[in-house]
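Participant: Before I ask anything, let me first share the structure, which is written out below as structure tokens.
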Amino acid sequence: NRVSGLRAMAKERTAMMDLTMVARSSKVSCAMGGMRTMSSSCVLRPSRGVELPSTSRTGATVSGRRTSSTFSAPTVRTRAWADTGLALSEMVRTEPANALSVPTWFVHTSSVWEWVVAMQLVACYARVSGEKAYYRLCYGMLPLHASSLCAVTYHFFYNAPELNSLVTLQAALTCVGNTTLLLAAYHIYNTEISGEASTASAADAEEVEEADEDGDNAGGLFFPSEVEVASFLRDRDAAVESALGFGLKAFAVCLSSALAVKYGSLLIPLPFHPSEAWAAAIIVAPTIVLGLDILRQDKLLAK
């Protein structure tokens, strides 16, 4: 009996040594950050089956678990996939019941992006036409952009009661934004009525009058060629884009933003820990960046 026991212990030790050698030869990835125990978090990826010497009737015991005498590659590979899925499930958090759906997030993100595009189009028109008054319209649109970010931020934190002040802030910024839009539009109206124009617009008007005097302008209308239009836009850092291309690009950007916010937020702890400081940063930082970009374009026109 003693000899049989020693033989069984020797076979079991040999099995452990074989398993250790396989673990060293194959890449063993162990998640060290709170992933239960090392034995359950290690993922073995051997290139072939592992033959363990058979022991007595019960088989070898490895890491407190009784195993069969033969480990096949599919068995180890299946266990690897199971451990990987378990690690991912522990990384991804569960959405609250009030989490927005993908179509709803698409509506929110598209509302933000379309307002940014509208501001850039107004700035582009000001740059191409030389009408500096339209830059004031861009500045007047900034409060409404911040208002939309308030709504998105509030939903990003799953409508946390600690951030109910964002609802009031959104309403206030909407009121301020409507007022600034009114003032900017009134300024454009006064500019058009009083005949104030920028240097670029005056120069273009003189060119049209000269063309009319030379007889090159039919009925007071100016018809530039496509080459002249392309050169004109290129000199002012603008370009013509097809409606289909723009629509596809806008759809892709809005959809990817919606998916990134909905599912990417499950990988970080921030949405589950509401913070007024982080909420303010999410709202203020993009607004400042957009405002500085408009200011840069405004200064380029002035030069």
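Here, A, B, ... name the chains of the structure tokens in the order displayed, residue numbers run from 1 inside each chain, and ligands are numbered from 1 in the same displayed order.
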Would you mind listing what lies within 7 Å of Tyr134 (chain A) as a PyMOL selection string, with only C-alpha atoms counted and same-chain residues fewer than 4 positions away left out?
Facilitator: chain A and resi 122-123+126+138+188
Participant: Might you pull out every residue within 12 Å of region 250-253 of chain A, with only C-alpha atoms counted and same-chain residues fewer than 4 positions away left off, and present them as a list of chain:residue names?
Facilitator: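 The filter keeps A:Phe106, A:Val107, A:Thr109, A:Ser110, A:Ser111, A:Val112, A:Trp113, A:Glu114, A:Trp115, A:Val116, A:Val117, A:Ala243, A:Leu244, A:Gly245, A:Phe246, A:Ser257, A:Ala258, A:Leu259, A:Ala260.
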Participant: Pick from A:Ala285, A:Val167, A:Cys124, A:Ala172: nearest to Leu144 (chain A), with only C-alpha atoms counted?
Facilitator: A:Ala172
Participant: Going by DSSP on the backbone, which residues of region 241-271 of chain A come out as alpha helix (DSSP H)? List them as a PDB file with all heavy atoms, in the first residue's frame.
Facilitator:
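Done, and the output landed in states03.pdb:
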ATOM      1  N   ALA A 243     -24.047  66.699 -51.674  1.00  0.00           N
ATOM      2  CA  ALA A 243     -25.036  66.458 -50.626  1.00  0.00           C
ATOM      3  C   ALA A 243     -25.012  65.008 -50.153  1.00  0.00           C
ATOM      4  O   ALA A 243     -25.174  64.724 -48.960  1.00  0.00           O
ATOM      5  CB  ALA A 243     -26.433  66.831 -51.138  1.00  0.00           C
ATOM      6  N   LEU A 244     -24.800  64.071 -51.093  1.00  0.00           N
ATOM      7  CA  LEU A 244     -24.757  62.657 -50.711  1.00  0.00           C
ATOM      8  C   LEU A 244     -23.563  62.360 -49.832  1.00  0.00           C
ATOM      9  O   LEU A 244     -23.679  61.682 -48.802  1.00  0.00           O
ATOM     10  CB  LEU A 244     -24.721  61.788 -51.977  1.00  0.00           C
ATOM     11  CG  LEU A 244     -24.629  60.276 -51.747  1.00  0.00           C
ATOM     12  CD1 LEU A 244     -25.838  59.782 -50.957  1.00  0.00           C
ATOM     13  CD2 LEU A 244     -24.507  59.535 -53.078  1.00  0.00           C
ATOM     14  N   GLY A 245     -22.398  62.865 -50.218  1.00  0.00           N
ATOM     15  CA  GLY A 245     -21.204  62.633 -49.409  1.00  0.00           C
ATOM     16  C   GLY A 245     -21.320  63.243 -48.031  1.00  0.00           C
ATOM     17  O   GLY A 245     -20.943  62.629 -47.028  1.00  0.00           O
ATOM     18  N   PHE A 246     -21.862  64.452 -47.984  1.00  0.00           N
ATOM     19  CA  PHE A 246     -22.037  65.097 -46.683  1.00  0.00           C
ATOM     20  C   PHE A 246     -23.037  64.337 -45.817  1.00  0.00           C
ATOM     21  O   PHE A 246     -22.832  64.159 -44.618  1.00  0.00           O
ATOM     22  CB  PHE A 246     -22.510  66.541 -46.882  1.00  0.00           C
ATOM     23  CG  PHE A 246     -22.831  67.248 -45.607  1.00  0.00           C
ATOM     24  CD1 PHE A 246     -21.822  67.782 -44.815  1.00  0.00           C
ATOM     25  CD2 PHE A 246     -24.138  67.395 -45.181  1.00  0.00           C
ATOM     26  CE1 PHE A 246     -22.111  68.431 -43.633  1.00  0.00           C
ATOM     27  CE2 PHE A 246     -24.438  68.042 -44.001  1.00  0.00           C
ATOM     28  CZ  PHE A 246     -23.421  68.564 -43.228  1.00  0.00           C
ATOM     29  N   GLY A 247     -24.137  63.865 -46.427  1.00  0.00           N
ATOM     30  CA  GLY A 247     -25.141  63.133 -45.656  1.00  0.00           C
ATOM     31  C   GLY A 247     -24.614  61.828 -45.097  1.00  0.00           C
ATOM     32  O   GLY A 247     -24.866  61.485 -43.942  1.00  0.00           O
ATOM     33  N   LEU A 248     -23.862  61.084 -45.918  1.00  0.00           N
ATOM     34  CA  LEU A 248     -23.292  59.819 -45.442  1.00  0.00           C
ATOM     35  C   LEU A 248     -22.275  60.054 -44.320  1.00  0.00           C
ATOM     36  O   LEU A 248     -22.251  59.316 -43.331  1.00  0.00           O
ATOM     37  CB  LEU A 248     -22.634  59.072 -46.601  1.00  0.00           C
ATOM     38  CG  LEU A 248     -23.575  58.542 -47.686  1.00  0.00           C
ATOM     39  CD1 LEU A 248     -22.783  57.908 -48.825  1.00  0.00           C
ATOM     40  CD2 LEU A 248     -24.566  57.549 -47.100  1.00  0.00           C
ATOM     41  N   LYS A 249     -21.458  61.085 -44.483  1.00  0.00           N
ATOM     42  CA  LYS A 249     -20.467  61.377 -43.451  1.00  0.00           C
ATOM     43  C   LYS A 249     -21.147  61.807 -42.152  1.00  0.00           C
ATOM     44  O   LYS A 249     -20.742  61.379 -41.064  1.00  0.00           O
ATOM     45  CB  LYS A 249     -19.528  62.467 -43.948  1.00  0.00           C
ATOM     46  CG  LYS A 249     -18.395  62.799 -42.992  1.00  0.00           C
ATOM     47  CD  LYS A 249     -17.366  63.681 -43.656  1.00  0.00           C
ATOM     48  CE  LYS A 249     -17.930  64.999 -44.079  1.00  0.00           C
ATOM     49  NZ  LYS A 249     -16.893  65.911 -44.641  1.00  0.00           N
ATOM     50  N   ALA A 250     -22.182  62.629 -42.262  1.00  0.00           N
ATOM     51  CA  ALA A 250     -22.899  63.074 -41.062  1.00  0.00           C
ATOM     52  C   ALA A 250     -23.581  61.907 -40.362  1.00  0.00           C
ATOM     53  O   ALA A 250     -23.556  61.801 -39.128  1.00  0.00           O
ATOM     54  CB  ALA A 250     -23.926  64.139 -41.434  1.00  0.00           C
ATOM     55  N   PHE A 251     -24.184  61.002 -41.140  1.00  0.00           N
ATOM     56  CA  PHE A 251     -24.841  59.833 -40.544  1.00  0.00           C
ATOM     57  C   PHE A 251     -23.833  58.950 -39.826  1.00  0.00           C
ATOM     58  O   PHE A 251     -24.097  58.466 -38.713  1.00  0.00           O
ATOM     59  CB  PHE A 251     -25.568  59.041 -41.632  1.00  0.00           C
ATOM     60  CG  PHE A 251     -26.261  57.802 -41.121  1.00  0.00           C
ATOM     61  CD1 PHE A 251     -27.512  57.888 -40.543  1.00  0.00           C
ATOM     62  CD2 PHE A 251     -25.648  56.561 -41.217  1.00  0.00           C
ATOM     63  CE1 PHE A 251     -28.156  56.753 -40.063  1.00  0.00           C
ATOM     64  CE2 PHE A 251     -26.278  55.423 -40.744  1.00  0.00           C
ATOM     65  CZ  PHE A 251     -27.536  55.522 -40.167  1.00  0.00           C
ATOM     66  N   ALA A 252     -22.674  58.723 -40.443  1.00  0.00           N
ATOM     67  CA  ALA A 252     -21.652  57.876 -39.825  1.00  0.00           C
ATOM     68  C   ALA A 252     -21.131  58.498 -38.533  1.00  0.00           C
ATOM     69  O   ALA A 252     -20.947  57.803 -37.524  1.00  0.00           O
ATOM     70  CB  ALA A 252     -20.507  57.642 -40.808  1.00  0.00           C
ATOM     71  N   VAL A 253     -20.912  59.800 -38.534  1.00  0.00           N
ATOM     72  CA  VAL A 253     -20.406  60.467 -37.334  1.00  0.00           C
ATOM     73  C   VAL A 253     -21.435  60.409 -36.202  1.00  0.00           C
ATOM     74  O   VAL A 253     -21.098  60.110 -35.044  1.00  0.00           O
ATOM     75  CB  VAL A 253     -20.031  61.927 -37.654  1.00  0.00           C
ATOM     76  CG1 VAL A 253     -19.740  62.699 -36.374  1.00  0.00           C
ATOM     77  CG2 VAL A 253     -18.828  61.970 -38.573  1.00  0.00           C
ATOM     78  N   CYS A 254     -22.700  60.672 -36.521  1.00  0.00           N
ATOM     79  CA  CYS A 254     -23.740  60.665 -35.479  1.00  0.00           C
ATOM     80  C   CYS A 254     -23.960  59.261 -34.918  1.00  0.00           C
ATOM     81  O   CYS A 254     -24.119  59.081 -33.705  1.00  0.00           O
ATOM     82  CB  CYS A 254     -25.039  61.224 -36.046  1.00  0.00           C
ATOM     83  SG  CYS A 254     -24.965  62.971 -36.510  1.00  0.00           S
ATOM     84  N   LEU A 255     -23.978  58.257 -35.790  1.00  0.00           N
ATOM     85  CA  LEU A 255     -24.191  56.888 -35.319  1.00  0.00           C
ATOM     86  C   LEU A 255     -23.025  56.396 -34.478  1.00  0.00           C
ATOM     87  O   LEU A 255     -23.224  55.793 -33.410  1.00  0.00           O
ATOM     88  CB  LEU A 255     -24.410  55.961 -36.513  1.00  0.00           C
ATOM     89  CG  LEU A 255     -24.667  54.488 -36.168  1.00  0.00           C
ATOM     90  CD1 LEU A 255     -25.911  54.348 -35.305  1.00  0.00           C
ATOM     91  CD2 LEU A 255     -24.795  53.651 -37.438  1.00  0.00           C
ATOM     92  N   SER A 256     -21.803  56.647 -34.920  1.00  0.00           N
ATOM     93  CA  SER A 256     -20.643  56.223 -34.136  1.00  0.00           C
ATOM     94  C   SER A 256     -20.587  56.954 -32.798  1.00  0.00           C
ATOM     95  O   SER A 256     -20.212  56.363 -31.774  1.00  0.00           O
ATOM     96  CB  SER A 256     -19.361  56.479 -34.932  1.00  0.00           C
ATOM     97  OG  SER A 256     -19.235  57.858 -35.252  1.00  0.00           O
ATOM     98  N   SER A 257     -20.991  58.220 -32.773  1.00  0.00           N
ATOM     99  CA  SER A 257     -21.026  58.954 -31.503  1.00  0.00           C
ATOM    100  C   SER A 257     -22.059  58.367 -30.560  1.00  0.00           C
ATOM    101  O   SER A 257     -21.807  58.229 -29.357  1.00  0.00           O
ATOM    102  CB  SER A 257     -21.331  60.430 -31.767  1.00  0.00           C
ATOM    103  OG  SER A 257     -20.353  61.024 -32.592  1.00  0.00           O
ATOM    104  N   ALA A 258     -23.220  58.000 -31.093  1.00  0.00           N
ATOM    105  CA  ALA A 258     -24.259  57.408 -30.257  1.00  0.00           C
ATOM    106  C   ALA A 258     -23.803  56.075 -29.669  1.00  0.00           C
ATOM    107  O   ALA A 258     -23.999  55.802 -28.478  1.00  0.00           O
ATOM    108  CB  ALA A 258     -25.537  57.224 -31.069  1.00  0.00           C
ATOM    109  N   LEU A 259     -23.182  55.238 -30.477  1.00  0.00           N
ATOM    110  CA  LEU A 259     -22.700  53.943 -29.987  1.00  0.00           C
ATOM    111  C   LEU A 259     -21.568  54.116 -28.983  1.00  0.00           C
ATOM    112  O   LEU A 259     -21.494  53.381 -27.984  1.00  0.00           O
ATOM    113  CB  LEU A 259     -22.229  53.089 -31.166  1.00  0.00           C
ATOM    114  CG  LEU A 259     -23.309  52.666 -32.166  1.00  0.00           C
ATOM    115  CD1 LEU A 259     -22.682  51.933 -33.350  1.00  0.00           C
ATOM    116  CD2 LEU A 259     -24.363  51.785 -31.490  1.00  0.00           C
ATOM    117  N   ALA A 260     -20.693  55.081 -29.240  1.00  0.00           N
ATOM    118  CA  ALA A 260     -19.572  55.295 -28.326  1.00  0.00           C
ATOM    119  C   ALA A 260     -20.056  55.771 -26.969  1.00  0.00           C
ATOM    120  O   ALA A 260     -19.550  55.334 -25.930  1.00  0.00           O
ATOM    121  CB  ALA A 260     -18.607  56.310 -28.930  1.00  0.00           C
ATOM    122  N   VAL A 261     -21.043  56.650 -26.950  1.00  0.00           N
ATOM    123  CA  VAL A 261     -21.540  57.164 -25.673  1.00  0.00           C
ATOM    124  C   VAL A 261     -22.322  56.091 -24.926  1.00  0.00           C
ATOM    125  O   VAL A 261     -22.155  55.911 -23.713  1.00  0.00           O
ATOM    126  CB  VAL A 261     -22.414  58.413 -25.907  1.00  0.00           C
ATOM    127  CG1 VAL A 261     -23.065  58.857 -24.600  1.00  0.00           C
ATOM    128  CG2 VAL A 261     -21.584  59.548 -26.485  1.00  0.00           C
ATOM    129  N   LYS A 262     -23.172  55.358 -25.634  1.00  0.00           N
ATOM    130  CA  LYS A 262     -24.027  54.375 -24.961  1.00  0.00           C
ATOM    131  C   LYS A 262     -23.233  53.210 -24.389  1.00  0.00           C
ATOM    132  O   LYS A 262     -23.417  52.835 -23.226  1.00  0.00           O
ATOM    133  CB  LYS A 262     -25.097  53.856 -25.929  1.00  0.00           C
ATOM    134  CG  LYS A 262     -26.002  52.788 -25.302  1.00  0.00           C
ATOM    135  CD  LYS A 262     -27.110  52.401 -26.223  1.00  0.00           C
ATOM    136  CE  LYS A 262     -27.931  51.249 -25.635  1.00  0.00           C
ATOM    137  NZ  LYS A 262     -28.559  51.630 -24.345  1.00  0.00           N
ATOM    138  N   TYR A 263     -22.356  52.629 -25.206  1.00  0.00           N
ATOM    139  CA  TYR A 263     -21.642  51.431 -24.765  1.00  0.00           C
ATOM    140  C   TYR A 263     -20.256  51.738 -24.199  1.00  0.00           C
ATOM    141  O   TYR A 263     -19.768  51.009 -23.337  1.00  0.00           O
ATOM    142  CB  TYR A 263     -21.512  50.444 -25.936  1.00  0.00           C
ATOM    143  CG  TYR A 263     -22.846  49.956 -26.427  1.00  0.00           C
ATOM    144  CD1 TYR A 263     -23.341  50.339 -27.679  1.00  0.00           C
ATOM    145  CD2 TYR A 263     -23.639  49.121 -25.646  1.00  0.00           C
ATOM    146  CE1 TYR A 263     -24.575  49.893 -28.133  1.00  0.00           C
ATOM    147  CE2 TYR A 263     -24.879  48.672 -26.089  1.00  0.00           C
ATOM    148  CZ  TYR A 263     -25.339  49.069 -27.330  1.00  0.00           C
ATOM    149  OH  TYR A 263     -26.558  48.635 -27.779  1.00  0.00           O
ATOM    150  N   GLY A 264     -19.642  52.809 -24.659  1.00  0.00           N
ATOM    151  CA  GLY A 264     -18.351  53.176 -24.092  1.00  0.00           C
ATOM    152  C   GLY A 264     -18.448  53.635 -22.659  1.00  0.00           C
ATOM    153  O   GLY A 264     -17.523  53.451 -21.862  1.00  0.00           O
TER     154      GLY A 264
END
Participant: Give the answer as one residue: which of A:Leu142, A:Gly130, A:Leu100, A:Met119 has the shortest atom-to-atom distance to Pro286 (chain A), using only C-alpha atoms?
Facilitator: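 Closest to Pro286 (chain A), using only C-alpha atoms: A:Leu142.
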Participant: I'd like the contact shell of Glu276 (chain A) - 12 Å cut-off, only C-alpha atoms, skipping same-chain residues fewer than 2 positions apart - returned as a list in words.
Facilitator: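 Contacts, in chain order: Cys150, Thr153, Tyr154, Phe157, Ala160, Pro161, Glu162, Leu163, Asn164, Ser165, Leu166, Leu270, Pro271, His273, Pro274, Trp278, Ala279, Ala280, Ala281, Ile282, Ile283 and Val284 of chain A.
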Participant: Name the closest residue to Ala146 (chain A) among the candidates A:Ile268, A:Thr287, A:Arg93, A:Val3; distances are taken between atoms, counting only C-alpha atoms.
Facilitator: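 Result for the nearest residue to Ala146 (chain A): A:Thr287.
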